[in-house]
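The structure file structure-v5.txt is reproduced below (compact mmCIF, C-alpha atoms and all ligand atoms).
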# COMPACT_ATOMS: atom_id res chain seq x y z
CA MET A 302 0.00 0.00 0.00
CA SER A 303 1.08 3.62 -0.54
CA GLN A 304 2.31 5.87 2.27
CA PRO A 305 -0.22 8.69 2.38
CA ILE A 306 -0.09 11.71 4.68
CA VAL A 307 -2.18 10.78 7.70
CA VAL A 308 -3.97 13.44 9.75
CA PRO A 309 -5.57 12.18 12.97
CA VAL A 310 -8.87 13.57 14.21
CA ALA A 311 -8.68 13.10 17.99
CA LEU A 312 -12.19 12.59 19.34
CA GLY A 313 -11.78 9.87 21.95
CA ALA A 314 -13.93 6.87 21.04
CA ARG A 315 -14.94 8.62 17.80
CA SER A 316 -11.35 9.25 16.63
CA TYR A 317 -10.42 8.51 13.02
CA GLU A 318 -7.77 9.15 10.42
CA ILE A 319 -7.74 11.20 7.24
CA ALA A 320 -5.44 9.59 4.66
CA ILE A 321 -4.32 11.99 1.90
CA GLY A 322 -2.42 11.09 -1.27
CA PRO A 323 -2.62 9.85 -4.85
CA GLY A 324 -3.94 6.37 -5.64
CA LEU A 325 -5.96 5.78 -2.46
CA LEU A 326 -9.10 4.85 -4.38
CA ALA A 327 -7.43 1.71 -5.70
CA GLU A 328 -6.50 0.82 -2.10
CA ALA A 329 -9.94 1.50 -0.64
CA GLY A 330 -10.81 -2.21 -0.46
CA GLN A 331 -7.74 -3.10 1.62
CA ARG A 332 -8.09 -0.06 3.86
CA ILE A 333 -11.82 -0.53 4.50
CA SER A 334 -11.32 -4.22 5.03
CA ALA A 335 -8.77 -3.46 7.76
CA LEU A 336 -11.34 -1.20 9.43
CA ALA A 337 -14.36 -3.50 9.11
CA PRO A 338 -13.50 -7.00 7.91
CA LYS A 339 -16.33 -8.63 5.94
CA ALA A 340 -18.63 -5.60 6.28
CA ARG A 341 -21.16 -5.12 3.50
CA LEU A 342 -20.95 -1.71 1.88
CA ALA A 343 -23.58 0.66 0.54
CA ILE A 344 -21.90 3.23 -1.68
CA VAL A 345 -23.74 6.54 -2.12
CA THR A 346 -22.50 8.61 -5.03
CA ASP A 347 -23.64 11.01 -7.75
CA ALA A 348 -23.90 10.35 -11.48
CA ASN A 349 -20.79 12.40 -12.39
CA VAL A 350 -18.52 10.67 -9.89
CA ALA A 351 -19.99 7.27 -10.71
CA ALA A 352 -19.25 7.72 -14.42
CA LEU A 353 -15.64 8.73 -13.79
CA HIS A 354 -14.45 6.80 -10.74
CA LEU A 355 -16.90 4.15 -9.50
CA ALA A 356 -15.25 1.34 -11.48
CA THR A 357 -11.91 1.95 -9.74
CA LEU A 358 -13.56 1.86 -6.33
CA THR A 359 -15.63 -1.26 -6.97
CA ALA A 360 -12.66 -3.10 -8.49
CA SER A 361 -10.72 -2.42 -5.32
CA LEU A 362 -13.62 -3.59 -3.13
CA ASP A 363 -14.01 -6.74 -5.25
CA ALA A 364 -10.30 -7.49 -4.92
CA ALA A 365 -10.63 -7.23 -1.14
CA GLY A 366 -13.68 -9.51 -1.18
CA LEU A 367 -16.06 -6.82 0.08
CA GLU A 368 -19.67 -7.07 -0.99
CA HIS A 369 -21.14 -3.75 -2.19
CA GLN A 370 -24.16 -2.07 -3.73
CA THR A 371 -24.46 1.45 -5.10
CA ILE A 372 -27.09 4.19 -4.78
CA THR A 373 -26.60 6.96 -7.34
CA VAL A 374 -28.26 10.38 -7.05
CA ALA A 375 -28.32 13.43 -9.33
CA PRO A 376 -25.28 15.72 -9.04
CA GLY A 377 -25.61 19.17 -7.47
CA GLU A 378 -26.78 21.02 -4.38
CA ALA A 379 -30.45 20.29 -5.16
CA SER A 380 -29.81 16.71 -4.01
CA LYS A 381 -29.39 17.90 -0.41
CA SER A 382 -33.18 17.76 -0.17
CA PHE A 383 -35.82 15.90 1.86
CA ALA A 384 -36.83 13.98 -1.28
CA THR A 385 -33.33 12.72 -2.08
CA PHE A 386 -32.65 12.03 1.60
CA ALA A 387 -35.75 9.78 1.67
CA GLU A 388 -34.59 8.09 -1.54
CA VAL A 389 -31.15 7.36 -0.04
CA CYS A 390 -32.56 6.11 3.28
CA GLU A 391 -35.04 3.81 1.51
CA GLY A 392 -32.24 2.64 -0.79
CA LEU A 393 -29.99 1.81 2.17
CA ILE A 394 -32.77 -0.07 3.94
CA ALA A 395 -33.56 -1.97 0.74
CA THR A 396 -29.96 -3.20 0.51
CA ARG A 397 -30.42 -4.73 3.99
CA VAL A 398 -27.18 -3.22 5.26
CA GLU A 399 -27.00 -3.78 9.00
CA ARG A 400 -25.75 -1.54 11.79
CA GLY A 401 -22.34 -3.20 11.67
CA ASP A 402 -22.05 -2.59 7.91
CA LEU A 403 -20.76 0.57 6.28
CA VAL A 404 -22.14 3.43 4.22
CA VAL A 405 -19.54 4.85 1.84
CA ALA A 406 -20.00 8.52 0.89
CA PHE A 407 -18.25 8.69 -2.49
CA GLY A 408 -18.35 12.17 -3.99
CA GLY A 409 -18.22 15.84 -3.19
CA GLY A 410 -19.62 17.64 -0.17
CA VAL A 411 -23.22 17.17 -1.32
CA ILE A 412 -22.80 13.39 -1.18
CA GLY A 413 -20.83 13.52 2.08
CA ASP A 414 -23.50 15.61 3.82
CA LEU A 415 -26.42 13.61 2.37
CA ALA A 416 -25.01 10.10 2.83
CA GLY A 417 -23.54 11.01 6.23
CA PHE A 418 -26.97 12.16 7.42
CA ALA A 419 -28.58 9.00 6.05
CA ALA A 420 -25.92 6.96 7.90
CA ALA A 421 -26.75 8.88 11.09
CA ALA A 422 -30.45 8.13 10.68
CA VAL A 423 -30.84 4.65 9.17
CA ARG A 424 -31.14 1.98 11.87
CA ARG A 425 -30.49 4.90 14.29
CA GLY A 426 -26.89 5.16 13.22
CA MET A 427 -24.55 3.24 10.94
CA ARG A 428 -20.81 3.64 10.53
CA PHE A 429 -19.67 5.45 7.43
CA VAL A 430 -16.52 6.13 5.43
CA GLN A 431 -15.90 9.34 3.53
CA ILE A 432 -14.20 9.07 0.15
CA PRO A 433 -14.22 12.75 -0.87
CA THR A 434 -13.68 13.44 -4.56
CA SER A 435 -13.88 17.25 -4.81
CA LEU A 436 -11.27 19.66 -3.44
CA LEU A 437 -13.91 21.14 -1.15
CA ALA A 438 -14.79 17.73 0.25
CA GLN A 439 -11.13 16.77 0.75
CA VAL A 440 -10.25 19.94 2.66
CA ASP A 441 -13.47 20.49 4.57
CA SER A 442 -16.76 18.60 4.31
CA SER A 443 -15.44 15.05 4.77
CA VAL A 444 -13.89 16.03 8.11
CA GLY A 445 -15.66 16.86 11.35
CA GLY A 446 -18.98 15.04 11.19
CA LYS A 447 -21.40 17.81 10.17
CA THR A 448 -24.01 16.09 8.00
CA GLY A 449 -27.37 17.28 6.72
CA ILE A 450 -29.68 18.64 4.07
CA ASN A 451 -31.14 22.03 3.16
CA SER A 452 -34.55 23.48 3.98
CA ARG A 453 -36.32 26.05 1.82
CA HIS A 454 -35.69 28.37 4.79
CA GLY A 455 -31.94 27.94 4.78
CA LYS A 456 -28.82 25.81 4.38
CA ASN A 457 -28.11 22.66 6.36
CA LEU A 458 -31.03 23.30 8.70
CA VAL A 459 -31.79 19.59 9.15
CA GLY A 460 -28.94 17.29 10.07
CA ALA A 461 -26.81 15.62 12.69
CA PHE A 462 -23.27 15.48 13.99
CA HIS A 463 -22.11 12.03 12.93
CA GLN A 464 -18.39 11.34 12.59
CA PRO A 465 -17.03 9.09 9.84
CA SER A 466 -14.85 6.11 10.77
CA LEU A 467 -12.26 6.88 8.08
CA VAL A 468 -11.57 9.51 5.41
CA LEU A 469 -9.74 8.50 2.21
CA ALA A 470 -8.77 11.54 0.14
CA ASP A 471 -7.31 10.36 -3.16
CA THR A 472 -5.74 13.53 -4.57
CA GLN A 473 -5.48 12.00 -8.05
CA VAL A 474 -9.25 12.01 -8.56
CA LEU A 475 -9.13 15.82 -8.46
CA ASP A 476 -7.65 15.72 -11.97
CA THR A 477 -11.16 15.20 -13.40
CA LEU A 478 -12.78 18.02 -11.38
CA SER A 479 -13.91 21.04 -13.41
CA ARG A 480 -11.97 24.29 -13.01
CA ARG A 481 -15.05 25.96 -11.56
CA GLU A 482 -15.49 23.31 -8.86
CA PHE A 483 -11.78 23.27 -8.09
CA ARG A 484 -11.81 27.03 -7.56
CA ALA A 485 -14.90 26.71 -5.35
CA GLY A 486 -13.00 24.30 -3.11
CA TYR A 487 -10.06 26.70 -3.07
CA ALA A 488 -12.24 29.26 -1.26
CA GLU A 489 -12.44 26.89 1.73
CA VAL A 490 -8.65 26.35 1.57
CA ALA A 491 -8.09 30.12 1.74
CA LYS A 492 -10.55 30.22 4.66
CA TYR A 493 -8.10 28.37 6.92
CA GLY A 494 -5.50 31.09 6.33
CA LEU A 495 -8.03 33.82 6.96
CA ILE A 496 -9.33 32.24 10.17
CA ASN A 497 -6.11 31.93 12.16
CA ASP A 498 -3.09 31.26 9.94
CA ALA A 499 -1.75 34.41 8.23
CA PRO A 500 1.49 32.63 7.11
CA PHE A 501 -0.67 30.03 5.28
CA PHE A 502 -2.64 32.79 3.53
CA HIS A 503 0.64 34.42 2.52
CA TRP A 504 1.92 31.02 1.29
CA LEU A 505 -1.26 30.62 -0.78
CA GLU A 506 -0.76 34.06 -2.31
CA ASN A 507 2.61 32.76 -3.56
CA ASN A 508 1.69 29.16 -4.35
CA TRP A 509 -1.93 29.19 -5.53
CA GLN A 510 -0.97 28.48 -9.14
CA ASP A 511 0.86 25.31 -8.13
CA VAL A 512 -2.17 24.27 -6.04
CA MET A 513 -4.41 24.77 -9.09
CA ALA A 514 -1.97 23.03 -11.44
CA GLY A 515 -1.66 19.94 -9.27
CA GLY A 516 1.97 20.47 -8.26
CA PRO A 517 3.41 19.53 -4.84
CA ALA A 518 1.69 22.55 -3.27
CA ARG A 519 -1.71 20.90 -3.87
CA VAL A 520 -1.19 18.01 -1.45
CA GLU A 521 0.48 20.38 1.01
CA ALA A 522 -2.52 22.75 0.91
CA ILE A 523 -4.95 19.84 1.44
CA ALA A 524 -2.95 18.48 4.38
CA THR A 525 -2.60 21.93 6.00
CA SER A 526 -6.35 22.49 5.64
CA CYS A 527 -7.18 19.09 7.15
CA ARG A 528 -4.77 19.63 10.08
CA SER A 529 -6.36 23.00 10.76
CA LYS A 530 -9.90 21.64 10.69
CA ALA A 531 -9.01 18.48 12.65
CA GLY A 532 -7.52 20.63 15.43
CA ILE A 533 -10.59 22.85 15.72
CA VAL A 534 -13.00 19.90 15.60
CA ALA A 535 -11.02 17.99 18.23
CA ARG A 536 -11.29 20.98 20.57
CA ASP A 537 -14.96 21.73 19.87
CA GLU A 538 -16.77 18.85 18.14
CA THR A 539 -20.33 20.21 18.30
CA GLU A 540 -19.68 23.94 17.81
CA THR A 541 -20.23 25.25 21.30
CA GLY A 542 -17.47 27.81 20.72
CA GLU A 543 -14.31 27.85 18.59
CA ARG A 544 -15.72 25.66 15.79
CA ALA A 545 -17.94 28.54 14.69
CA LEU A 546 -14.75 30.08 13.22
CA LEU A 547 -15.06 27.51 10.40
CA ASN A 548 -18.19 29.44 9.44
CA LEU A 549 -16.17 32.46 8.27
CA GLY A 550 -18.01 33.87 5.24
CA HIS A 551 -20.84 31.36 5.61
CA THR A 552 -23.56 33.53 7.14
CA PHE A 553 -23.55 35.69 4.02
CA GLY A 554 -22.62 32.76 1.74
CA HIS A 555 -25.43 30.48 2.93
CA ALA A 556 -27.93 33.34 2.51
CA LEU A 557 -26.77 33.77 -1.09
CA GLU A 558 -27.18 30.03 -1.70
CA ALA A 559 -30.71 30.12 -0.23
CA VAL A 560 -31.85 33.12 -2.31
CA THR A 561 -30.48 31.52 -5.47
CA GLY A 562 -32.58 28.41 -4.73
CA TYR A 563 -29.57 26.06 -4.21
CA ASN A 564 -29.15 26.20 -7.95
CA SER A 565 -25.60 25.02 -8.68
CA ALA A 566 -25.77 26.57 -12.15
CA ARG A 567 -26.00 30.00 -10.51
CA LEU A 568 -23.89 29.62 -7.38
CA VAL A 569 -22.05 26.76 -5.73
CA HIS A 570 -21.17 26.66 -2.04
CA GLY A 571 -17.51 27.65 -2.42
CA GLU A 572 -18.46 30.64 -4.57
CA GLY A 573 -20.95 31.77 -1.93
CA VAL A 574 -18.22 31.36 0.69
CA SER A 575 -15.79 33.41 -1.42
CA ILE A 576 -18.23 36.32 -1.73
CA GLY A 577 -19.25 35.82 1.91
CA MET A 578 -15.66 35.99 3.19
CA VAL A 579 -15.07 39.24 1.33
CA LEU A 580 -18.33 40.63 2.76
CA ALA A 581 -17.32 39.53 6.29
CA HIS A 582 -13.99 41.34 5.91
CA GLU A 583 -15.66 44.43 4.43
CA PHE A 584 -18.24 44.45 7.21
CA SER A 585 -15.41 44.17 9.77
CA ALA A 586 -13.67 47.15 8.16
CA ARG A 587 -16.96 49.05 8.15
CA LEU A 588 -17.25 48.46 11.91
CA GLY A 589 -13.67 49.71 12.37
CA LEU A 590 -12.43 46.28 13.44
CA CYS A 591 -9.72 45.96 10.77
CA SER A 592 -7.96 48.18 8.24
CA GLN A 593 -9.54 48.97 4.85
CA GLU A 594 -6.59 47.16 3.23
CA THR A 595 -7.62 43.83 4.76
CA PRO A 596 -10.77 43.22 2.65
CA SER A 597 -8.95 44.52 -0.44
CA ARG A 598 -6.16 41.96 0.04
CA VAL A 599 -8.65 39.13 0.59
CA ALA A 600 -10.71 40.11 -2.47
CA ALA A 601 -7.60 40.55 -4.62
CA HIS A 602 -6.34 37.05 -3.85
CA LEU A 603 -9.68 35.29 -4.32
CA ALA A 604 -10.31 37.18 -7.58
CA THR A 605 -6.82 36.30 -8.84
CA ALA A 606 -7.63 32.67 -8.14
CA GLY A 607 -10.72 33.09 -10.35
CA LEU A 608 -13.41 33.26 -7.67
CA PRO A 609 -16.35 35.68 -7.49
CA THR A 610 -15.89 38.24 -4.74
CA ARG A 611 -18.80 40.64 -5.22
CA ILE A 612 -22.52 40.32 -4.75
CA ASP A 613 -23.16 41.55 -8.31
CA GLN A 614 -21.32 38.51 -9.65
CA VAL A 615 -24.18 36.18 -8.64
CA PRO A 616 -25.84 35.25 -11.96
CA GLY A 617 -29.49 36.29 -11.91
CA GLY A 618 -28.95 38.59 -8.93
CA ALA A 619 -28.55 38.14 -5.18
CA GLY A 620 -32.10 39.02 -4.15
CA THR A 621 -32.99 41.88 -1.83
CA ALA A 622 -31.51 42.77 1.56
CA GLY A 623 -34.81 41.59 3.09
CA GLU A 624 -34.58 38.19 1.41
CA LEU A 625 -30.96 37.79 2.47
CA MET A 626 -31.82 38.83 6.05
CA ASN A 627 -34.64 36.23 6.16
CA ALA A 628 -32.07 33.53 5.44
CA ILE A 629 -29.50 35.06 7.83
CA LEU A 630 -32.03 35.06 10.69
CA GLN A 631 -32.36 31.26 10.21
CA ASP A 632 -28.60 30.77 10.70
CA LYS A 633 -27.80 28.10 13.29
CA LYS A 634 -25.50 30.53 15.12
CA VAL A 635 -28.43 32.82 16.03
CA LYS A 636 -28.80 32.91 19.83
CA ARG A 637 -32.01 34.22 21.39
CA GLY A 638 -32.66 36.15 18.19
CA LYS A 639 -29.17 37.76 18.17
CA LEU A 640 -26.89 37.33 15.19
CA THR A 641 -23.45 35.76 15.45
CA PHE A 642 -20.92 36.60 12.75
CA ILE A 643 -17.32 35.61 12.23
CA LEU A 644 -15.52 38.94 11.95
CA THR A 645 -11.85 39.83 11.85
CA HIS A 646 -9.12 42.11 13.15
CA GLY A 647 -6.96 41.29 10.11
CA ILE A 648 -5.68 38.42 7.96
CA GLY A 649 -5.66 35.30 10.16
CA GLU A 650 -7.26 37.15 13.07
CA SER A 651 -10.88 36.07 12.87
CA PHE A 652 -13.08 36.00 15.93
CA ILE A 653 -16.64 35.15 16.90
CA ALA A 654 -18.82 38.23 17.33
CA ASN A 655 -22.05 37.62 19.21
CA ASP A 656 -24.90 40.08 19.36
CA VAL A 657 -24.30 41.71 15.98
CA ASP A 658 -26.92 44.38 15.29
CA PRO A 659 -29.26 43.09 12.52
CA SER A 660 -29.97 46.65 11.35
CA ALA A 661 -26.23 47.20 10.78
CA VAL A 662 -26.16 44.05 8.63
CA THR A 663 -29.29 45.11 6.72
CA GLY A 664 -27.84 48.56 6.08
CA PHE A 665 -24.55 47.06 4.92
CA LEU A 666 -26.35 44.66 2.52
CA GLU A 667 -28.57 47.44 1.17
CA GLU A 668 -25.46 49.48 0.37
CA LYS A 669 -23.76 46.50 -1.27
CA LEU A 670 -26.83 45.71 -3.37
CA ALA A 671 -27.36 49.35 -4.34
CA GLY A 672 -23.70 49.67 -5.29
CA ALA A 673 -23.68 46.38 -7.19
CA GLY A 674 -22.22 46.88 -10.61
CA LYS A 675 -20.34 50.04 -9.61
CA LEU A 676 -16.58 49.74 -9.47
CA GLY A 677 -15.36 48.76 -5.98
CA ALA A 678 -18.87 48.11 -4.66
N1 LIG B 701 -20.14 19.04 6.33
C1 LIG B 701 -19.28 20.03 6.24
O1 LIG B 701 -18.48 20.28 7.15
C2 LIG B 701 -19.22 20.85 5.00
C3 LIG B 701 -18.13 21.69 4.76
C4 LIG B 701 -18.10 22.42 3.58
C5 LIG B 701 -19.12 22.29 2.64
N2 LIG B 701 -20.16 21.44 2.90
C6 LIG B 701 -21.21 21.23 1.90
O2 LIG B 701 -20.58 20.64 0.75
C7 LIG B 701 -21.36 20.95 -0.39
C8 LIG B 701 -20.46 21.41 -1.51
O3 LIG B 701 -19.55 20.37 -1.82
P1 LIG B 701 -18.84 20.30 -3.25
O4 LIG B 701 -18.30 21.63 -3.58
O5 LIG B 701 -17.94 19.15 -3.22
O6 LIG B 701 -20.07 20.08 -4.22
P2 LIG B 701 -20.64 18.77 -4.95
O7 LIG B 701 -20.69 17.62 -4.08
O8 LIG B 701 -21.88 19.22 -5.63
O9 LIG B 701 -19.51 18.48 -6.04
C9 LIG B 701 -19.26 19.47 -7.01
C10 LIG B 701 -19.46 18.92 -8.45
O10 LIG B 701 -18.29 18.22 -8.81
C11 LIG B 701 -18.61 16.90 -9.23
N3 LIG B 701 -17.48 16.08 -8.84
C12 LIG B 701 -17.12 15.70 -7.59
N4 LIG B 701 -15.96 15.06 -7.63
C13 LIG B 701 -15.56 15.02 -8.91
C14 LIG B 701 -14.42 14.53 -9.58
N5 LIG B 701 -13.41 13.95 -8.93
N6 LIG B 701 -14.35 14.67 -10.92
C15 LIG B 701 -15.35 15.29 -11.61
N7 LIG B 701 -16.44 15.80 -11.03
C16 LIG B 701 -16.54 15.66 -9.69
C17 LIG B 701 -19.93 16.58 -8.60
O11 LIG B 701 -20.62 15.61 -9.35
C18 LIG B 701 -20.62 17.94 -8.62
O12 LIG B 701 -21.20 18.15 -9.88
C19 LIG B 701 -22.35 22.01 0.03
O13 LIG B 701 -23.62 21.42 0.18
C20 LIG B 701 -21.84 22.47 1.36
O14 LIG B 701 -22.86 22.95 2.20
C21 LIG B 701 -20.23 20.73 4.06
O1 LIG B 702 -17.28 22.14 9.80
C1 LIG B 702 -17.74 23.23 10.14
O2 LIG B 702 -18.00 23.50 11.32
C2 LIG B 702 -17.99 24.27 9.13
O3 LIG B 702 -18.61 25.29 9.44
C3 LIG B 702 -17.47 24.05 7.75
C4 LIG B 702 -18.20 24.81 6.67
O4 LIG B 702 -17.29 24.99 5.60
C5 LIG B 702 -19.39 24.04 6.11
O5 LIG B 702 -19.92 24.70 4.99
C6 LIG B 702 -20.48 23.69 7.08
O6 LIG B 702 -21.41 22.78 6.51
C7 LIG B 702 -21.28 24.88 7.55
O7 LIG B 702 -21.90 24.52 8.72
P1 LIG B 702 -23.28 25.09 9.20
O8 LIG B 702 -23.35 24.64 10.61
O9 LIG B 702 -23.25 26.57 9.05
O10 LIG B 702 -24.32 24.47 8.35
ZN ZN B 703 -18.33 25.63 3.80
Please re-express this file's structure in structure tokens.
Ligand SMILES: NC(=O)c1ccc[n+]([C@@H]2O[C@H](COP(=O)([O-])OP(=O)(O)OC[C@H]3O[C@@H](n4cnc5c(N)ncnc54)[C@H](O)[C@@H]3O)[C@@H](O)[C@H]2O)c1
Ligand SMILES: O=C(O)C(=O)C[C@@H](O)[C@H](O)[C@H](O)COP(=O)(O)O
Ligand SMILES: [Zn+2]
Amino acid sequence: MSQPIVVPVALGARSYEIAIGPGLLAEAGQRISALAPKARLAIVTDANVAALHLATLTASLDAAGLEHQTITVAPGEASKSFATFAEVCEGLIATRVERGDLVVAFGGGVIGDLAGFAAAAVRRGMRFVQIPTSLLAQVDSSVGGKTGINSRHGKNLVGAFHQPSLVLADTQVLDTLSRREFRAGYAEVAKYGLINDAPFFHWLENNWQDVMAGGPARVEAIATSCRSKAGIVARDETETGERALLNLGHTFGHALEAVTGYNSARLVHGEGVSIGMVLAHEFSARLGLCSQETPSRVAAHLATAGLPTRIDQVPGGAGTAGELMNAILQDKKVKRGKLTFILTHGIGESFIANDVDPSAVTGFLEEKLAGAGKLGA
């Protein structure tokens, strides 16, 4: 077997490893067999990933003598729905997988969140393995046990914390990911620098092209991101405090995803996060919490990497301030009706701000929407 980078996620009885490196898909059978000998597997995937990579996975499972069945759903954010969740749960039950068997989430973050939630629910909890195939899933969604689906009222509003038993991140499968989806995942990579690691953000400013091109910086960026997330999750598994930092840019980003109807053709999660992170930095500057140069530097880097950074870049428009506020008021960080935002004192100096004045946010969004289209808005 290959010698991947291994990042531990230390959660006591729920601890697991993230293995990162090229060629892991072809070793999945051996690695899963070592974790759960003779388990039966229910693979949940989407049609894009199935067409490109399912044969490699199933060949590896066959070679290890692991019995498996596959449930395939439509690609895209719209699959994080009640209807598709029901389809996946019924599919799992129909395969007669037992509690001791394994669900395998094989795809991007949509599949990880959907299949992970189904694994949390079916038979009141089954073990599951994450095999993330998008950059976003390898650096973020496959780690930490947040699973769930969307509501028409907002993102990820129905779900569970349910940790995987293993994460296998085969970096080679990223070669088939579209440029747009790769860039979307890059927004979450940059997030780790912006949260608490200014040297990493600086490193990304110098190495982003190598990350995009699949040079040595790519695996390094994935491993650094996973170490950062694993550390935060180990200290605060269920987001009672520090973990909320991982939500940098998400309060605005999730609202943009909700108003665009979870339509991946218009906006994907990483793009919403990119715009949301710039807005969070601009809002921080507006409140006098950081210099005016900080949001400019963040926006410049994300734009250079090919990401949208402004609200007027949402195809079909970003709705009204009222519509965005409706989604923001459904955010899971709201406490007794008060908004929580992740704000910043500078690059890598993010902090959790409780009790943010909703009228200040509304005013800020109204200005952004009114200025949309004007240079520097
Ligand atoms: N649970 C968490 O902690 C967490 C963290 C971040 C994001 N998320 C969630 O993750 C979702 C976004 O994940 P995503 O960006 O991976 O989206 P996604 O799952 O929709 O994948 C993006 C697209 O790429 C395709 N794809 C995936 N792997 C591929 C490959 N190797 N080659 C070719 N195509 C491939 C998919 O079919 C899809 O069309 C959102 O729903 C977001 O809320 C969850
Ligand atoms: O793992 C976390 O914690 C995160 O916040 C990671 C985010 O990138 C991710 O999008 C997450 O799903 C958002 O969580 P939510 O609790 O706001 O739904
Ligand atoms: Zn995210």
Q.
Can you pull out the residues contacting Phe429 of chain A? Cut-off 8 Å, using all atoms listed in the file, and skip same-chain residues under 4 positions away; I want them as a PyMOL selection string.
A. chain A and resi 403-406+417+420+464-467
Mind dumping a table of every chain A residue within 12 Å of ligand ZN 703 (chain B), with the nearest atom pair and its distance in Å to one decimal, using only C-alpha atoms and all ligand atoms, sorted by chain and rising number, as CSV?
residue,atom,partner,partner_atom,distance
A:Gly410,CA,B:ZN703,ZN,9.0
A:Val411,CA,B:ZN703,ZN,11.0
A:Asp414,CA,B:ZN703,ZN,11.3
A:Leu436,CA,B:ZN703,ZN,11.7
A:Leu437,CA,B:ZN703,ZN,8.0
A:Ala438,CA,B:ZN703,ZN,9.4
A:Gln439,CA,B:ZN703,ZN,11.8
A:Val440,CA,B:ZN703,ZN,9.9
A:Asp441,CA,B:ZN703,ZN,7.1
A:Ser442,CA,B:ZN703,ZN,7.2
A:Ser443,CA,B:ZN703,ZN,11.0
A:Val444,CA,B:ZN703,ZN,11.4
A:Gly445,CA,B:ZN703,ZN,11.9
A:Lys447,CA,B:ZN703,ZN,10.5
A:Thr448,CA,B:ZN703,ZN,11.9
A:Lys456,CA,B:ZN703,ZN,10.5
A:Asn457,CA,B:ZN703,ZN,10.5
A:Ala485,CA,B:ZN703,ZN,9.8
A:Gly486,CA,B:ZN703,ZN,8.8
A:Tyr487,CA,B:ZN703,ZN,10.8
A:Ala488,CA,B:ZN703,ZN,8.7
A:Glu489,CA,B:ZN703,ZN,6.4
A:Val490,CA,B:ZN703,ZN,10.0
A:Ala491,CA,B:ZN703,ZN,11.4
A:Lys492,CA,B:ZN703,ZN,9.1
A:Tyr493,CA,B:ZN703,ZN,11.0
A:Lys530,CA,B:ZN703,ZN,11.6
A:Ala545,CA,B:ZN703,ZN,11.3
A:Leu546,CA,B:ZN703,ZN,11.0
A:Leu547,CA,B:ZN703,ZN,7.6
A:Asn548,CA,B:ZN703,ZN,6.8
A:Leu549,CA,B:ZN703,ZN,8.4
A:Gly550,CA,B:ZN703,ZN,8.4
A:His551,CA,B:ZN703,ZN,6.5
A:Thr552,CA,B:ZN703,ZN,10.0
A:Phe553,CA,B:ZN703,ZN,11.3
A:Gly554,CA,B:ZN703,ZN,8.6
A:His555,CA,B:ZN703,ZN,8.6
A:Glu558,CA,B:ZN703,ZN,11.3
A:Val569,CA,B:ZN703,ZN,10.3
A:His570,CA,B:ZN703,ZN,6.6
A:Gly571,CA,B:ZN703,ZN,6.6
A:Glu572,CA,B:ZN703,ZN,9.8
A:Gly573,CA,B:ZN703,ZN,8.8
A:Val574,CA,B:ZN703,ZN,6.5
A:Ser575,CA,B:ZN703,ZN,9.7
A:Gly577,CA,B:ZN703,ZN,10.4
A:Met578,CA,B:ZN703,ZN,10.7
To box ligand LIG 702 (chain B), take all atoms listed in the file, fit an axis-aligned box, add 4 Å on each side, and give centre and edge lengths in Å to one decimal, as lines of an AutoDock Vina configuration file.
center_x = -20.8
center_y = 24.4
center_z = 8.2
size_x = 15.0
size_y = 12.4
size_z = 14.3
Q: Around the point (-6.1, 21.8, 11.7) in the file's coordinates, collect all residues with an atom within 12 Å, using all atoms listed in the file, and return them as a PyMOL selection string.
A: chain A and resi 308-311+319+440-441+444-445+490+492-494+496-498+501+522-536+544+547
Q | Distance in Å - atom C11 of ligand LIG 701 (chain B) versus atom CA of Ile450 of chain A | A |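 These atoms are spaced 17.4 Å apart.
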Q) Which residue out of A:Asn349, A:Thr357, A:Gln631, A:Ser316 has the minimum interatomic distance to ligand LIG 701 (chain B) when all atoms listed in the file are used? A)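 Closest candidate: A:Asn349.
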Q: Go through A:Gly408, A:Gly330, A:Gly542, A:Pro609 and flag the residue nearest Ile653 of chain A, using all atoms listed in the file for the distances.
A: A:Gly542
Q) For ligand LIG 701 (chain B), which of A:Ala586, A:Ala619, A:Leu557, A:Val350 is the closest residue, counting all atoms listed in the file? A) A:Val350
(Q) I'd like to know which of A:Ala600, A:Ala654, A:Leu625, A:Val459 is closest to ligand LIG 702 (chain B), using only C-alpha atoms and all ligand atoms. (A) A:Val459
**Q.** atom C20 of ligand LIG 701 (chain B) to atom CA of Ile576 of chain A, distance in Å rounded to a single decimal
**A.**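 Interatomic distance here is 14.6 Å.
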Q.
Report, in Å to a single decimal, how far apart atom CA of Ile612 of chain A and atom CA of Lys669 of chain A are.
A. 7.2 Å
Q: Counting all atoms listed in the file, select every polymer residue within 10 Å of (-30.6, 0.2, 15.4) as defined in the file's coordinates, and provide the selection as a list of chain:residue names.
A: A:Glu399, A:Arg400, A:Gly401, A:Ala422, A:Val423, A:Arg424, A:Arg425, A:Gly426, A:Met427
